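Student: Here it is, the structure in full.
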Amino acid sequence: MSDAAPTEHFEHTEHAEHAAHSGDPFLALVAVTIAILAVIAAFIGSLETIETAATIDAKNEAVLFQDKATDTWNFYQAKSLKKNLYEVAAVLAGPGANADNFKALAKKNGDDQLSIQLQAKTEEDMTEQKLRSSEKHEHRHQILTVAVTLLHISIAIATIAIVRQGARWPWYTALVLGALGCIGAAYAYV
């Protein structure tokens with residue numbers, strides 16, 4: 001997530017505005033470049049924030065699905081215990097109506113286990129899916145962090161061209177870093 005102050009982009013724009021009024025066409029070009037880079041940096045910073053939120057959301061959902069899966073597996077174990085108790089009760093009851101009732105209850109709990117097991121596996125699959133999603137968003141966040149950092153550095157370096165009264169190398173360097181930041185941001189979504 002970007003640590004830039006919310007007004008930082010305005011400060012760079014203000015420096016660019018002062019340069020534009022100097023009358024030097026190159027400084028005006030640098031000023032426009034700074035303004036464009038600031039807008040792009042703000043946009044990519046917003047994307048970075050969105051990816052951070054998506055990472056946290058996906059991880060929270062993964063935890064919830066894992067909790068559900070754990071509860072479902074506990075229910076599965078409870079059905080298994082009941083099934084085993086009814087089987088033991090059927091044997092101890094000996095032949096007769098009680099034994100048949102216990103066997104029927106044991107079979108019902110065994111049948112219930114199958115659907116419960118399917119549900120638990122589905123919830124575990126959802127957990128894995130949400131974890132993969134959070135990893136994808138975290139990866140994007142990391143790339144966007146580097147991209148927005150390159151854009152902030154490019155803005156600062158472009159400002160040097162104004163301070164140095166038209167030095168060309170800072171502007172060229174800012175263009176290269178700005179382009180790398182934009183390419184990096186695009187790469188995050190490839």
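Labeling convention for the structure tokens: chains A, B, ... as they appear, residues from 1 per chain, ligands from 1 in order of appearance.
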Do you know which residues are at most 10 Å from A:Ile143 counting only C-alpha atoms, after dropping those on the same chain fewer than 2 positions away, and could you put them as a short mmCIF file (atom, residue, chain, number, x, y, z; two decimals) with N, CA and C atoms, in the first residue's frame?
Tutor:
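File produced: out-v9.cif:
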```cif
data_model
loop_
_atom_site.label_atom_id
_atom_site.label_comp_id
_atom_site.auth_asym_id
_atom_site.auth_seq_id
_atom_site.Cartn_x
_atom_site.Cartn_y
_atom_site.Cartn_z
N GLU A 48 -3.49 -0.60 -6.18
CA GLU A 48 -2.73 -1.29 -5.12
C GLU A 48 -3.61 -1.46 -3.88
N HIS A 137 -3.96 -12.01 -5.50
CA HIS A 137 -4.11 -10.59 -5.16
C HIS A 137 -2.86 -10.05 -4.46
N GLU A 138 -2.25 -10.86 -3.61
CA GLU A 138 -1.03 -10.43 -2.92
C GLU A 138 0.10 -10.22 -3.92
N HIS A 139 0.19 -11.10 -4.90
CA HIS A 139 1.22 -10.97 -5.95
C HIS A 139 1.01 -9.66 -6.73
N ARG A 140 -0.25 -9.40 -7.09
CA ARG A 140 -0.54 -8.14 -7.79
C ARG A 140 -0.18 -6.94 -6.93
N HIS A 141 -0.54 -7.01 -5.65
CA HIS A 141 -0.25 -5.91 -4.73
C HIS A 141 1.25 -5.62 -4.71
N THR A 145 3.00 -2.19 -5.89
CA THR A 145 3.80 -1.40 -4.95
C THR A 145 5.08 -0.93 -5.61
N VAL A 146 5.75 -1.83 -6.31
CA VAL A 146 6.97 -1.46 -7.02
C VAL A 146 6.65 -0.45 -8.12
N ALA A 147 5.56 -0.68 -8.85
CA ALA A 147 5.18 0.22 -9.95
C ALA A 147 4.91 1.63 -9.45
N VAL A 148 4.14 1.76 -8.38
CA VAL A 148 3.81 3.09 -7.87
C VAL A 148 5.05 3.75 -7.27
N THR A 149 5.93 2.97 -6.70
CA THR A 149 7.19 3.52 -6.17
C THR A 149 8.04 4.08 -7.31
N GLY A 181 7.22 1.94 -14.49
CA GLY A 181 6.13 1.84 -13.53
C GLY A 181 4.82 1.46 -14.20
N GLY A 184 5.07 -2.15 -15.32
CA GLY A 184 4.93 -3.01 -14.14
C GLY A 184 3.49 -3.13 -13.70
N ALA A 185 2.76 -2.03 -13.72
CA ALA A 185 1.34 -2.07 -13.32
C ALA A 185 0.54 -2.93 -14.28
N ALA A 186 0.83 -2.80 -15.57
CA ALA A 186 0.13 -3.64 -16.56
C ALA A 186 0.49 -5.11 -16.35
N TYR A 187 1.75 -5.38 -16.04
CA TYR A 187 2.21 -6.75 -15.82
C TYR A 187 1.49 -7.41 -14.65
N ALA A 188 1.10 -6.62 -13.67
CA ALA A 188 0.41 -7.17 -12.51
C ALA A 188 -0.89 -7.85 -12.89
N TYR A 189 -1.47 -7.44 -14.00
CA TYR A 189 -2.76 -8.01 -14.42
C TYR A 189 -2.65 -8.95 -15.61
#
```
Student: Taking only residues of stretch 65-160 of chain A that have an atom at most 10 Å from an atom of stretch 24-30 of chain A, what is each one's shortest atom pair and its distance in Å to one decimal, using only C-alpha atoms, in chain and number order, as a Markdown table?
Tutor:
```
| residue | atom | partner | partner_atom | distance |
| --- | --- | --- | --- | --- |
| A:Ile155 | CA | A:Val30 | CA | 9.7 |
| A:Ala158 | CA | A:Val30 | CA | 6.7 |
| A:Thr159 | CA | A:Val30 | CA | 7.8 |
| A:Ile160 | CA | A:Val30 | CA | 9.8 |
```
Student: Just checking: using only C-alpha atoms, which residue out of A:Leu81, A:Ala89, A:Lys107, A:Thr127 ends up closest to A:Ala58?
Tutor: A:Thr127
Student: Using only C-alpha atoms, which residues sit within 12 Å of A:Val91 once same-chain residues fewer than 6 positions away are excluded, as a ChimeraX atom specification?
Tutor: /A:84-85,98-103,106
Student: Using only C-alpha atoms for the distances, tell me which of A:Lys68, A:Lys108, A:Lys79, A:Lys136 is nearest to A:Ala120.
Tutor: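 Smallest distance to A:Ala120 is found for A:Lys68.
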Student: Could you check the closest approach to A:Gly45 for each of A:Asn74, A:Gln142, A:Ser133, A:Gln117 and tell me which residue wins, using only C-alpha atoms?
Tutor: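 Going through A:Asn74, A:Gln142, A:Ser133, A:Gln117 one by one, the smallest distance to A:Gly45 is for A:Gln142.
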